[in-house]
file my_file09.pdb (PDB, C-alpha atoms)
MODEL        1
ATOM      1  CA  MET J   1      40.361 -34.680  16.186
ATOM      2  CA  PRO J   2      42.927 -33.418  18.717
ATOM      3  CA  GLU J   3      46.527 -34.333  18.086
ATOM      4  CA  SER J   4      46.867 -35.895  21.501
ATOM      5  CA  ALA J   5      44.236 -37.324  23.853
ATOM      6  CA  PRO J   6      43.953 -36.258  27.495
ATOM      7  CA  ALA J   7      45.991 -38.260  29.964
ATOM      8  CA  SER J   8      42.833 -39.952  31.251
ATOM      9  CA  ALA J   9      41.617 -41.135  27.883
ATOM     10  CA  SER J  10      43.121 -44.601  28.201
ATOM     11  CA  SER J  11      40.996 -45.314  31.312
ATOM     12  CA  GLY J  12      37.891 -43.669  29.890
ATOM     13  CA  ARG J  13      37.423 -41.755  33.159
ATOM     14  CA  PRO J  14      38.363 -38.143  34.009
ATOM     15  CA  PRO J  15      41.083 -37.763  36.705
ATOM     16  CA  ARG J  16      38.695 -35.983  39.119
ATOM     17  CA  ARG J  17      36.133 -38.767  38.905
ATOM     18  CA  ARG J  18      38.814 -41.383  39.563
ATOM     19  CA  GLY J  19      39.828 -39.485  42.682
ATOM     20  CA  ARG J  20      36.275 -39.327  43.960
ATOM     21  CA  LEU J  21      35.836 -43.032  43.297
ATOM     22  CA  ALA J  22      39.027 -43.874  45.179
ATOM     23  CA  ARG J  23      37.921 -41.794  48.183
ATOM     24  CA  PHE J  24      34.471 -43.392  48.092
ATOM     25  CA  THR J  25      36.001 -46.880  47.976
ATOM     26  CA  ALA J  26      38.278 -46.099  50.918
ATOM     27  CA  ALA J  27      35.418 -44.644  52.939
ATOM     28  CA  THR J  28      33.262 -47.673  52.204
ATOM     29  CA  ALA J  29      36.037 -49.986  53.378
ATOM     30  CA  VAL J  30      36.348 -48.047  56.633
ATOM     31  CA  LEU J  31      32.593 -48.162  57.218
ATOM     32  CA  LEU J  32      32.466 -51.887  56.521
ATOM     33  CA  GLY J  33      35.329 -52.452  58.940
ATOM     34  CA  LEU J  34      33.592 -50.381  61.594
ATOM     35  CA  ALA J  35      30.351 -52.275  61.041
ATOM     36  CA  ALA J  36      32.164 -55.580  61.446
ATOM     37  CA  TYR J  37      33.831 -54.336  64.652
ATOM     38  CA  VAL J  38      30.516 -53.162  66.102
ATOM     39  CA  SER J  39      28.832 -56.423  65.098
ATOM     40  CA  VAL J  40      31.482 -58.549  66.796
ATOM     41  CA  HIS J  41      31.401 -56.459  69.956
ATOM     42  CA  TYR J  42      27.597 -56.503  69.982
ATOM     43  CA  VAL J  43      27.565 -60.286  69.887
ATOM     44  CA  THR J  44      30.473 -60.944  72.254
ATOM     45  CA  GLY J  45      29.839 -58.024  74.584
ATOM     46  CA  GLY J  46      33.062 -56.150  73.947
ATOM     47  CA  LYS J  47      36.265 -56.037  75.982
ATOM     48  CA  GLY J  48      35.721 -56.321  79.714
ATOM     49  CA  ALA J  49      32.085 -57.421  79.413
ATOM     50  CA  PRO J  50      30.963 -60.767  80.839
ATOM     51  CA  ARG J  51      31.525 -63.537  78.339
ATOM     52  CA  CYS J  52      31.493 -67.301  77.986
ATOM     53  CA  SER J  53      33.509 -69.719  75.905
ATOM     54  CA  VAL J  54      33.783 -73.374  74.986
ATOM     55  CA  GLY J  55      36.626 -75.248  73.348
ATOM     56  CA  THR J  56      40.378 -74.691  73.447
ATOM     57  CA  GLY J  57      43.035 -73.062  71.296
ATOM     58  CA  GLN J  58      41.965 -72.390  67.735
ATOM     59  CA  ASN J  59      38.849 -74.480  68.274
ATOM     60  CA  THR J  60      37.079 -71.993  70.570
ATOM     61  CA  TYR J  61      33.721 -70.277  70.452
ATOM     62  CA  ALA J  62      33.138 -67.132  72.555
ATOM     63  CA  PHE J  63      29.679 -65.746  73.267
ATOM     64  CA  THR J  64      27.720 -63.618  75.738
ATOM     65  CA  PRO J  65      25.926 -64.744  78.927
ATOM     66  CA  GLU J  66      22.619 -63.996  77.190
ATOM     67  CA  GLN J  67      23.537 -66.364  74.385
ATOM     68  CA  ALA J  68      24.805 -68.934  76.901
ATOM     69  CA  SER J  69      21.524 -68.814  78.812
ATOM     70  CA  ASN J  70      19.482 -69.405  75.668
ATOM     71  CA  ALA J  71      21.807 -72.139  74.426
ATOM     72  CA  ALA J  72      21.547 -73.924  77.782
ATOM     73  CA  THR J  73      17.764 -73.861  77.559
ATOM     74  CA  ILE J  74      17.775 -75.224  74.006
ATOM     75  CA  SER J  75      20.074 -78.061  75.059
ATOM     76  CA  ALA J  76      18.150 -78.908  78.236
ATOM     77  CA  VAL J  77      14.820 -79.085  76.413
ATOM     78  CA  GLY J  78      16.341 -81.432  73.835
ATOM     79  CA  THR J  79      17.918 -83.869  76.288
ATOM     80  CA  THR J  80      14.785 -83.836  78.458
ATOM     81  CA  ARG J  81      12.868 -85.075  75.430
ATOM     82  CA  GLY J  82      15.359 -87.955  75.269
ATOM     83  CA  LEU J  83      16.936 -86.688  72.053
ATOM     84  CA  PRO J  84      20.581 -87.337  71.091
ATOM     85  CA  GLU J  85      23.348 -84.762  71.090
ATOM     86  CA  ARG J  86      23.036 -84.489  67.305
ATOM     87  CA  ALA J  87      19.538 -83.058  67.716
ATOM     88  CA  VAL J  88      20.885 -80.453  70.128
ATOM     89  CA  THR J  89      23.643 -79.546  67.658
ATOM     90  CA  ILE J  90      21.088 -79.066  64.875
ATOM     91  CA  ALA J  91      18.901 -76.890  67.099
ATOM     92  CA  LEU J  92      21.821 -74.741  68.279
ATOM     93  CA  ALA J  93      23.152 -74.214  64.743
ATOM     94  CA  THR J  94      19.667 -73.204  63.630
ATOM     95  CA  ALA J  95      19.260 -70.679  66.451
ATOM     96  CA  LEU J  96      22.750 -69.303  65.787
ATOM     97  CA  GLN J  97      21.736 -68.569  62.206
ATOM     98  CA  GLU J  98      18.200 -67.353  62.871
ATOM     99  CA  SER J  99      18.797 -65.104  65.893
ATOM    100  CA  ALA J 100      22.451 -65.389  66.973
ATOM    101  CA  LEU J 101      21.022 -67.142  70.071
ATOM    102  CA  ARG J 102      19.104 -64.016  71.115
ATOM    103  CA  ASN J 103      15.429 -64.105  71.980
ATOM    104  CA  ILE J 104      14.469 -61.250  69.687
ATOM    105  CA  SER J 105      10.976 -59.800  69.346
ATOM    106  CA  HIS J 106      11.246 -58.983  65.631
ATOM    107  CA  GLY J 107      12.262 -60.518  62.326
ATOM    108  CA  ASP J 108      11.183 -61.100  58.746
ATOM    109  CA  ARG J 109       7.421 -60.513  58.559
ATOM    110  CA  ASP J 110       6.056 -61.862  61.865
ATOM    111  CA  SER J 111       9.063 -64.037  62.769
ATOM    112  CA  LEU J 112       9.993 -64.039  66.463
ATOM    113  CA  GLY J 113      12.307 -65.560  69.020
ATOM    114  CA  LEU J 114      15.308 -67.844  68.988
ATOM    115  CA  PHE J 115      14.214 -69.785  65.910
ATOM    116  CA  GLN J 116      12.325 -66.949  64.174
ATOM    117  CA  GLN J 117       9.084 -68.902  64.280
ATOM    118  CA  ARG J 118       5.969 -67.283  62.813
ATOM    119  CA  PRO J 119       2.628 -67.088  64.653
ATOM    120  CA  SER J 120       0.850 -66.852  61.304
ATOM    121  CA  MET J 121       2.321 -70.221  60.294
ATOM    122  CA  GLY J 122       1.006 -72.065  63.327
ATOM    123  CA  TRP J 123       4.096 -72.056  65.558
ATOM    124  CA  GLY J 124       2.167 -70.553  68.488
ATOM    125  CA  THR J 125       1.214 -67.184  69.898
ATOM    126  CA  PRO J 126       3.833 -64.419  70.082
ATOM    127  CA  GLU J 127       3.991 -64.888  73.860
ATOM    128  CA  GLN J 128       4.601 -68.615  73.481
ATOM    129  CA  ILE J 129       7.248 -68.235  70.791
ATOM    130  CA  LEU J 130       9.141 -65.710  72.935
ATOM    131  CA  ASP J 131       9.395 -68.333  75.696
ATOM    132  CA  PRO J 132      12.701 -70.163  74.993
ATOM    133  CA  VAL J 133      11.430 -73.390  76.566
ATOM    134  CA  TYR J 134       8.324 -73.402  74.379
ATOM    135  CA  SER J 135      10.073 -72.394  71.143
ATOM    136  CA  SER J 136      12.810 -74.992  71.680
ATOM    137  CA  GLY J 137      10.181 -77.658  72.264
ATOM    138  CA  LYS J 138       8.372 -76.736  69.057
ATOM    139  CA  PHE J 139      11.605 -76.920  67.074
ATOM    140  CA  TYR J 140      12.371 -80.399  68.396
ATOM    141  CA  GLU J 141       8.771 -81.480  67.834
ATOM    142  CA  HIS J 142       9.138 -80.724  64.125
ATOM    143  CA  LEU J 143      12.665 -82.146  63.960
ATOM    144  CA  GLU J 144      11.462 -85.480  65.346
ATOM    145  CA  ASP J 145       9.029 -85.676  62.427
ATOM    146  CA  VAL J 146      11.960 -85.644  59.959
ATOM    147  CA  PRO J 147      12.810 -89.290  59.102
ATOM    148  CA  GLY J 148      16.448 -90.103  59.887
ATOM    149  CA  TYR J 149      17.273 -86.500  60.826
ATOM    150  CA  SER J 150      20.331 -87.516  62.859
ATOM    151  CA  ARG J 151      21.934 -89.042  59.755
ATOM    152  CA  LEU J 152      21.165 -86.129  57.456
ATOM    153  CA  PRO J 153      23.570 -83.243  56.779
ATOM    154  CA  LEU J 154      22.831 -80.511  59.294
ATOM    155  CA  THR J 155      21.700 -78.083  56.603
ATOM    156  CA  VAL J 156      19.160 -80.593  55.283
ATOM    157  CA  ALA J 157      17.759 -81.460  58.718
ATOM    158  CA  ALA J 158      17.470 -77.805  59.757
ATOM    159  CA  GLN J 159      15.896 -76.799  56.447
ATOM    160  CA  LYS J 160      13.199 -79.459  56.705
ATOM    161  CA  VAL J 161      12.094 -77.759  59.929
ATOM    162  CA  GLN J 162      12.717 -74.119  59.081
ATOM    163  CA  ARG J 163      12.112 -73.915  55.298
ATOM    164  CA  SER J 164      14.517 -71.006  55.087
ATOM    165  CA  GLY J 165      15.299 -69.023  51.974
ATOM    166  CA  TYR J 166      19.010 -69.570  52.703
ATOM    167  CA  PRO J 167      19.350 -73.215  53.775
ATOM    168  CA  GLN J 168      23.114 -73.417  53.276
ATOM    169  CA  ALA J 169      23.635 -70.661  55.859
ATOM    170  CA  TYR J 170      23.202 -73.186  58.681
ATOM    171  CA  ALA J 171      26.407 -74.995  57.689
ATOM    172  CA  LYS J 172      28.779 -72.285  58.896
ATOM    173  CA  HIS J 173      27.451 -72.624  62.447
ATOM    174  CA  GLU J 174      27.941 -76.368  62.767
ATOM    175  CA  PRO J 175      31.464 -76.217  64.331
ATOM    176  CA  ASP J 176      30.364 -73.772  67.050
ATOM    177  CA  ALA J 177      27.111 -75.648  67.643
ATOM    178  CA  THR J 178      29.070 -78.892  68.014
ATOM    179  CA  LEU J 179      31.277 -77.352  70.715
ATOM    180  CA  LEU J 180      28.255 -75.922  72.516
ATOM    181  CA  ALA J 181      26.344 -79.192  72.398
ATOM    182  CA  ALA J 182      29.276 -81.182  73.774
ATOM    183  CA  ALA J 183      29.523 -78.823  76.756
ATOM    184  CA  LEU J 184      25.829 -78.291  77.460
ATOM    185  CA  THR J 185      24.949 -81.987  77.236
ATOM    186  CA  GLY J 186      27.757 -82.657  79.717
ATOM    187  CA  ARG J 187      29.750 -84.895  77.392
ATOM    188  CA  SER J 188      32.870 -82.724  77.523
ATOM    189  CA  GLY J 189      32.719 -82.251  81.298
ATOM    190  CA  PRO J 190      33.564 -78.869  82.902
ATOM    191  CA  SER J 191      34.293 -77.256  79.544
ATOM    192  CA  LEU J 192      32.066 -74.167  79.768
ATOM    193  CA  SER J 193      33.777 -71.028  81.077
ATOM    194  CA  CYS J 194      31.858 -67.872  81.969
ATOM    195  CA  THR J 195      32.757 -64.607  83.631
ATOM    196  CA  ALA J 196      30.133 -62.591  85.483
ATOM    197  CA  ARG J 197      29.639 -58.993  86.496
ATOM    198  CA  PRO J 198      30.922 -58.020  89.944
ATOM    199  CA  SER J 199      28.231 -58.303  92.598
ATOM    200  CA  ASP J 200      26.056 -55.190  92.621
ATOM    201  CA  GLY J 201      24.158 -56.091  95.776
ATOM    202  CA  ARG J 202      21.171 -57.640  94.003
ATOM    203  CA  ALA J 203      20.176 -60.942  95.555
ATOM    204  CA  GLY J 204      19.270 -64.044  93.622
ATOM    205  CA  ASP J 205      16.225 -66.193  94.282
ATOM    206  CA  PRO J 206      16.904 -69.894  94.991
ATOM    207  CA  ALA J 207      13.241 -70.709  94.373
ATOM    208  CA  LYS J 208      13.469 -69.188  90.903
ATOM    209  CA  VAL J 209      16.596 -71.230  90.149
ATOM    210  CA  ARG J 210      14.746 -74.370  91.250
ATOM    211  CA  ASP J 211      11.730 -73.475  89.114
ATOM    212  CA  GLU J 212      13.872 -72.777  86.048
ATOM    213  CA  LEU J 213      15.620 -76.132  86.484
ATOM    214  CA  VAL J 214      12.254 -77.890  86.568
ATOM    215  CA  ARG J 215      10.975 -75.946  83.534
ATOM    216  CA  ALA J 216      14.028 -76.919  81.507
ATOM    217  CA  PHE J 217      14.668 -80.467  82.734
ATOM    218  CA  GLY J 218      11.253 -81.623  83.964
ATOM    219  CA  LYS J 219       9.669 -82.363  87.332
ATOM    220  CA  ASP J 220      11.594 -85.620  87.775
ATOM    221  CA  LEU J 221      14.734 -83.574  88.461
ATOM    222  CA  ALA J 222      13.509 -82.729  92.003
ATOM    223  CA  PRO J 223      15.965 -79.961  93.031
ATOM    224  CA  LYS J 224      15.864 -79.014  96.721
ATOM    225  CA  LEU J 225      16.318 -75.729  98.560
ATOM    226  CA  LEU J 226      18.846 -75.827 101.394
ATOM    227  CA  VAL J 227      19.804 -73.404 104.157
ATOM    228  CA  ARG J 228      23.467 -72.492 104.445
ATOM    229  CA  ALA J 229      24.987 -71.183 107.667
ATOM    230  CA  GLY J 230      25.033 -67.380 107.654
ATOM    231  CA  GLY J 231      22.495 -67.243 104.873
ATOM    232  CA  GLY J 232      20.284 -64.729 106.645
ATOM    233  CA  ARG J 233      16.522 -64.828 107.068
ATOM    234  CA  ASN J 234      13.570 -64.301 104.790
ATOM    235  CA  ALA J 235      10.690 -61.826 105.182
ATOM    236  CA  ALA J 236       8.913 -64.177 107.596
ATOM    237  CA  GLY J 237      11.962 -64.406 109.843
ATOM    238  CA  ALA J 238      12.780 -68.005 108.923
ATOM    239  CA  PRO J 239      16.261 -69.055 107.737
ATOM    240  CA  ALA J 240      16.586 -68.099 104.073
ATOM    241  CA  ALA J 241      17.545 -70.718 101.535
ATOM    242  CA  THR J 242      20.798 -69.962  99.751
ATOM    243  CA  LEU J 243      21.551 -73.275  98.056
ATOM    244  CA  VAL J 244      19.832 -75.349  95.429
ATOM    245  CA  SER J 245      20.807 -79.000  95.637
ATOM    246  CA  VAL J 246      20.257 -81.118  92.538
ATOM    247  CA  PRO J 247      20.625 -84.886  92.905
ATOM    248  CA  VAL J 248      22.223 -86.473  89.859
ATOM    249  CA  ARG J 249      20.474 -89.555  88.548
ATOM    250  CA  GLU J 250      21.570 -91.615  85.590
ATOM    251  CA  THR J 251      19.260 -91.181  82.624
ATOM    252  CA  SER J 252      20.003 -92.220  79.055
ATOM    253  CA  VAL J 253      23.556 -90.996  79.680
ATOM    254  CA  PRO J 254      26.027 -91.852  82.478
ATOM    255  CA  ALA J 255      25.423 -90.092  85.796
ATOM    256  CA  GLU J 256      28.654 -88.089  85.600
ATOM    257  CA  GLN J 257      27.744 -86.673  82.190
ATOM    258  CA  ARG J 258      24.277 -85.841  83.487
ATOM    259  CA  GLY J 259      25.883 -84.027  86.420
ATOM    260  CA  TRP J 260      28.040 -81.904  84.148
ATOM    261  CA  GLU J 261      25.019 -81.109  82.011
ATOM    262  CA  LEU J 262      23.254 -79.700  85.076
ATOM    263  CA  ALA J 263      26.380 -77.934  86.342
ATOM    264  CA  ASN J 264      27.125 -76.292  82.994
ATOM    265  CA  TRP J 265      23.475 -75.240  82.709
ATOM    266  CA  ALA J 266      23.843 -73.405  86.035
ATOM    267  CA  VAL J 267      27.011 -71.638  84.871
ATOM    268  CA  ALA J 268      25.350 -70.645  81.586
ATOM    269  CA  ARG J 269      22.389 -69.203  83.534
ATOM    270  CA  ALA J 270      24.520 -67.591  86.252
ATOM    271  CA  GLU J 271      24.275 -64.023  84.970
ATOM    272  CA  SER J 272      20.492 -64.007  84.629
ATOM    273  CA  LEU J 273      19.756 -65.958  87.830
ATOM    274  CA  ARG J 274      22.392 -64.295  90.060
ATOM    275  CA  ILE J 275      24.206 -67.579  90.680
ATOM    276  CA  GLU J 276      27.476 -67.102  92.582
ATOM    277  CA  GLU J 277      28.834 -70.625  92.809
ATOM    278  CA  VAL J 278      28.348 -74.057  91.239
ATOM    279  CA  ALA J 279      30.016 -77.172  92.609
ATOM    280  CA  TYR J 280      30.090 -80.720  91.295
ATOM    281  CA  ALA J 281      32.407 -83.741  91.320
ATOM    282  CA  GLY J 282      35.256 -82.017  93.133
ATOM    283  CA  ARG J 283      35.225 -78.929  90.907
ATOM    284  CA  VAL J 284      33.818 -75.479  91.562
ATOM    285  CA  TRP J 285      32.920 -72.445  89.457
ATOM    286  CA  ARG J 286      32.703 -69.049  91.164
ATOM    287  CA  ALA J 287      31.331 -65.836  89.721
ATOM    288  CA  ALA J 288      33.984 -63.912  91.656
ATOM    289  CA  ASP J 289      36.777 -65.715  89.786
ATOM    290  CA  VAL J 290      37.767 -63.438  86.909
ATOM    291  CA  SER J 291      39.035 -66.408  84.881
ATOM    292  CA  GLY J 292      35.517 -67.807  84.660
ATOM    293  CA  THR J 293      36.882 -71.369  84.715
ATOM    294  CA  TRP J 294      36.276 -74.426  86.862
ATOM    295  CA  THR J 295      38.849 -75.022  89.597
ATOM    296  CA  LYS J 296      39.592 -77.876  91.985
ATOM    297  CA  ALA J 297      37.410 -77.795  95.094
ATOM    298  CA  ALA J 298      38.898 -77.805  98.585
ATOM    299  CA  SER J 299      39.642 -81.151 100.211
ATOM    300  CA  GLY J 300      36.668 -82.731 101.920
ATOM    301  CA  ASP J 301      34.334 -81.809  99.071
ATOM    302  CA  THR J 302      31.039 -83.698  99.247
ATOM    303  CA  THR J 303      29.534 -82.792  95.875
ATOM    304  CA  ALA J 304      29.846 -86.223  94.272
ATOM    305  CA  GLY J 305      26.423 -87.239  93.037
ATOM    306  CA  THR J 306      24.928 -83.796  93.645
ATOM    307  CA  VAL J 307      25.175 -80.405  91.936
ATOM    308  CA  HIS J 308      25.195 -77.542  94.432
ATOM    309  CA  ILE J 309      24.155 -74.083  93.225
ATOM    310  CA  ARG J 310      24.560 -71.039  95.474
ATOM    311  CA  VAL J 311      22.843 -67.774  94.649
ATOM    312  CA  ALA J 312      23.779 -64.207  95.623
ATOM    313  CA  GLN J 313      22.386 -63.018  98.932
TER     314      GLN J 313
ENDMDL
END
call {"tool": "encode", "arguments": {"input": "my_file09.pdb", "output": "structure tokens"}}
result
Amino acid sequence: MPESAPASASSGRPPRRRGRLARFTAATAVLLGLAAYVSVHYVTGGKGAPRCSVGTGQNTYAFTPEQASNAATISAVGTTRGLPERAVTIALATALQESALRNISHGDRDSLGLFQQRPSMGWGTPEQILDPVYSSGKFYEHLEDVPGYSRLPLTVAAQKVQRSGYPQAYAKHEPDATLLAAALTGRSGPSLSCTARPSDGRAGDPAKVRDELVRAFGKDLAPKLLVRAGGGRNAAGAPAATLVSVPVRETSVPAEQRGWELANWAVARAESLRIEEVAYAGRVWRAADVSGTWTKAASGDTTAGTVHIRVAQ
């Protein structure tokens, strides 16, 4: 037996191995940090990219226009079914966990879409599931079958629909889903902020905006196409529509809340539908405004009782 042990004997590990382990640990930490950075920028779009937000101060949730568009659809389908805000919150938290509010064409086994629904389990065809209006409707259809779902903890209600292997994962999304639901149901007024890409010359289609409104909110909404002075002419030489006018009617919620629901929907869909301006109740949102916030409309505004949506021309 040697008279004295090597210096590394007390740790049971040779000095060279300890050095390699330390370098490996440091490298792993760097890679994990980089992965987290990439993940955050992938979801939020990165610095300078269009983005949306709800809430104020420390209680804020930031997300991309793609996520905003999908969240707006989920909310609209829920309220059109006459469901309470709690149902919308449950649906949004579920989609945040399952797909990060992205309409993805892959997942575990044959899972697809916002809610990762499986064709093989009877949720619909792949084409149907990848339609946000359809998939949202199917989620709510199953949620309505859960007795007392609005009084259940969110994780329990969502799990009874989804049957996930990680049911507690829904809980961490409840604060963000609550903020989103308050804005997209109109309860918190003009609380959704979104920035948009600078105009690249691509025109929007007012008819498509009208059709998307009807798909999300139902035929009773009755949006109208209007011609605005200087709006140009269509292929047939007739004045081209540039505005979509949406009359606000009281439903199961006050008319003003309903108006903000429609107005915030238009802002959330602005990037995908080439919407340049939304006006309602003396406030206006403009894609050209880099702040992405609602501002006070000019005096003489006539938007009370009507949501006006102007598309790019």
call {"tool": "closest_residue", "arguments": {"input": "my_file09.pdb", "among": "J:Tyr61, J:Tyr140, J:Trp265, J:Trp294", "to": "Thr73 (chain J)", "atoms": "only C-alpha atoms"}}
result
J:Trp265
call {"tool": "closest_residue", "arguments": {"input": "my_file09.pdb", "among": "J:Ala281, J:Val246, J:Ile275, J:Ala304", "to": "Thr195 (chain J)", "atoms": "only C-alpha atoms"}}
result
J:Ile275
call {"tool": "axis_aligned_box", "arguments": {"input": "my_file09.pdb", "around": "region 248-254 of chain J", "padding_each_side": "3 Å", "output": "AutoDock Vina command-line options"}}
result
--center_x 22.6 --center_y -89.3 --center_z 84.5 --size_x 12.8 --size_y 11.7 --size_z 16.8
call {"tool": "atom_distance", "arguments": {"input": "my_file09.pdb", "atom1": "CA of Ala93 (chain J)", "atom2": "CA of Phe139 (chain J)"}}
result
12.1 Å
call {"tool": "residues_around", "arguments": {"input": "my_file09.pdb", "residues": "Ser291 (chain J)", "least_positions_apart": "5", "cutoff": "10 Å", "atoms": "all atoms listed in the file", "output": "PyMOL selection string"}}
result
chain J and resi 193-196+285-286
call {"tool": "closest_residue", "arguments": {"input": "my_file09.pdb", "among": "J:Ala287, J:Val214, J:Pro126, J:Val307", "to": "Gln257 (chain J)", "atoms": "all atoms listed in the file"}}
result
J:Val307
call {"tool": "residues_near_point", "arguments": {"input": "my_file09.pdb", "point": "(11.0, -77.5, 69.9)", "cutoff": "10 Å", "atoms": "only C-alpha atoms", "output": "list in words"}}
result
Ile74, Val77, Gly78, Arg81, Ala91, Phe115, Trp123, Pro132, Val133, Tyr134, Ser135, Ser136, Gly137, Lys138, Phe139, Tyr140, Glu141, His142, Leu143 and Glu144 of chain J
call {"tool": "residues_near_point", "arguments": {"input": "my_file09.pdb", "point": "(27.3, -72.3, 57.7)", "cutoff": "10 Å", "atoms": "all atoms listed in the file", "output": "list in words"}}
result
Ala93, Thr94, Leu96, Gln97, Leu154, Thr155, Pro167, Gln168, Ala169, Tyr170, Ala171, Lys172, His173, Glu174, Pro175 and Asp176 of chain J
call {"tool": "atom_distance", "arguments": {"input": "my_file09.pdb", "atom1": "CA of Ala183 (chain J)", "atom2": "CA of Trp260 (chain J)"}}
result
8.1 Å
call {"tool": "resolve_selection", "arguments": {"input": "my_file09.pdb", "expression": "the PyMOL selection byres ((chain J and resi 271) around 8)", "output": "list in words"}}
result
Pro65, Glu66, Ala196, Arg197, Ala268, Arg269, Ala270, Ser272, Leu273, Arg274 and Ile275 of chain J
call {"tool": "atom_distance", "arguments": {"input": "my_file09.pdb", "atom1": "CA of Val253 (chain J)", "atom2": "CA of Leu226 (chain J)"}}
result
26.9 Å
call {"tool": "closest_residue", "arguments": {"input": "my_file09.pdb", "among": "J:Leu180, J:Val290, J:Ala216, J:Ala207", "to": "Arg310 (chain J)", "atoms": "only C-alpha atoms"}}
result
J:Ala207
call {"tool": "closest_residue", "arguments": {"input": "my_file09.pdb", "among": "J:Gly186, J:Glu261, J:Leu101, J:Ser75", "to": "Phe63 (chain J)", "atoms": "all atoms listed in the file"}}
result
J:Leu101
call {"tool": "closest_residue", "arguments": {"input": "my_file09.pdb", "among": "J:Thr295, J:Asn264, J:Thr242, J:Thr60", "to": "Ser188 (chain J)", "atoms": "all atoms listed in the file"}}
result
J:Asn264
call {"tool": "resolve_selection", "arguments": {"input": "my_file09.pdb", "expression": "the PyMOL selection byres ((chain J and resi 130) around 8)", "output": "list in words"}}
result
Asn103, Ile104, Ser105, Leu112, Gly113, Leu114, Pro126, Glu127, Gln128, Ile129, Asp131, Pro132, Tyr134 and Ser135 of chain J
call {"tool": "resolve_selection", "arguments": {"input": "my_file09.pdb", "expression": "the PyMOL selection byres ((chain J and resi 64) around 9)", "output": "list in words"}}
result
Val43, Thr44, Gly45, Ala49, Pro50, Arg51, Cys52, Ser53, Ala62, Phe63, Pro65, Glu66, Gln67, Ala68, Ser69 and Cys194 of chain J
call {"tool": "write_last_selection", "arguments": {"input": "my_file09.pdb", "atoms": "C-alpha atoms", "output": "mmCIF file, in the frame of the given file"}}
result
data_model
loop_
_atom_site.group_PDB
_atom_site.id
_atom_site.type_symbol
_atom_site.label_atom_id
_atom_site.label_comp_id
_atom_site.auth_asym_id
_atom_site.auth_seq_id
_atom_site.Cartn_x
_atom_site.Cartn_y
_atom_site.Cartn_z
ATOM 1 C CA VAL J 43 27.565 -60.286 69.887
ATOM 2 C CA THR J 44 30.473 -60.944 72.254
ATOM 3 C CA GLY J 45 29.839 -58.024 74.584
ATOM 4 C CA ALA J 49 32.085 -57.421 79.413
ATOM 5 C CA PRO J 50 30.963 -60.767 80.839
ATOM 6 C CA ARG J 51 31.525 -63.537 78.339
ATOM 7 C CA CYS J 52 31.493 -67.301 77.986
ATOM 8 C CA SER J 53 33.509 -69.719 75.905
ATOM 9 C CA ALA J 62 33.138 -67.132 72.555
ATOM 10 C CA PHE J 63 29.679 -65.746 73.267
ATOM 11 C CA PRO J 65 25.926 -64.744 78.927
ATOM 12 C CA GLU J 66 22.619 -63.996 77.190
ATOM 13 C CA GLN J 67 23.537 -66.364 74.385
ATOM 14 C CA ALA J 68 24.805 -68.934 76.901
ATOM 15 C CA SER J 69 21.524 -68.814 78.812
ATOM 16 C CA CYS J 194 31.858 -67.872 81.969
#
call {"tool": "build_atoms", "arguments": {"input": "my_file09.pdb", "residues": "region 114-124 of chain J", "atoms": "N, CA and C atoms", "output": "PDB file, keeping the file's coordinate frame"}}
result
ATOM      1  N   LEU J 114      14.032 -67.184  69.253  1.00  0.00           N
ATOM      2  CA  LEU J 114      15.308 -67.844  68.988  1.00  0.00           C
ATOM      3  C   LEU J 114      15.368 -68.485  67.610  1.00  0.00           C
ATOM      4  N   PHE J 115      14.248 -69.066  67.179  1.00  0.00           N
ATOM      5  CA  PHE J 115      14.214 -69.785  65.910  1.00  0.00           C
ATOM      6  C   PHE J 115      13.453 -69.023  64.828  1.00  0.00           C
ATOM      7  N   GLN J 116      13.067 -67.772  65.124  1.00  0.00           N
ATOM      8  CA  GLN J 116      12.325 -66.949  64.174  1.00  0.00           C
ATOM      9  C   GLN J 116      11.088 -67.690  63.659  1.00  0.00           C
ATOM     10  N   GLN J 117      10.317 -68.204  64.605  1.00  0.00           N
ATOM     11  CA  GLN J 117       9.084 -68.902  64.280  1.00  0.00           C
ATOM     12  C   GLN J 117       7.958 -67.889  64.072  1.00  0.00           C
ATOM     13  N   ARG J 118       7.013 -68.224  63.200  1.00  0.00           N
ATOM     14  CA  ARG J 118       5.969 -67.283  62.813  1.00  0.00           C
ATOM     15  C   ARG J 118       4.601 -67.683  63.387  1.00  0.00           C
ATOM     16  N   PRO J 119       3.987 -66.804  64.163  1.00  0.00           N
ATOM     17  CA  PRO J 119       2.628 -67.088  64.653  1.00  0.00           C
ATOM     18  C   PRO J 119       1.654 -67.392  63.527  1.00  0.00           C
ATOM     19  N   SER J 120       1.793 -66.676  62.411  1.00  0.00           N
ATOM     20  CA  SER J 120       0.850 -66.852  61.304  1.00  0.00           C
ATOM     21  C   SER J 120       0.993 -68.209  60.621  1.00  0.00           C
ATOM     22  N   MET J 121       2.093 -68.911  60.896  1.00  0.00           N
ATOM     23  CA  MET J 121       2.321 -70.221  60.294  1.00  0.00           C
ATOM     24  C   MET J 121       2.071 -71.354  61.279  1.00  0.00           C
ATOM     25  N   GLY J 122       1.417 -71.027  62.398  1.00  0.00           N
ATOM     26  CA  GLY J 122       1.006 -72.065  63.327  1.00  0.00           C
ATOM     27  C   GLY J 122       2.022 -72.485  64.368  1.00  0.00           C
ATOM     28  N   TRP J 123       3.076 -71.685  64.575  1.00  0.00           N
ATOM     29  CA  TRP J 123       4.096 -72.056  65.558  1.00  0.00           C
ATOM     30  C   TRP J 123       3.664 -71.732  66.988  1.00  0.00           C
ATOM     31  N   GLY J 124       2.627 -70.927  67.154  1.00  0.00           N
ATOM     32  CA  GLY J 124       2.167 -70.553  68.488  1.00  0.00           C
ATOM     33  C   GLY J 124       1.868 -69.072  68.549  1.00  0.00           C
TER      34      GLY J 124
END
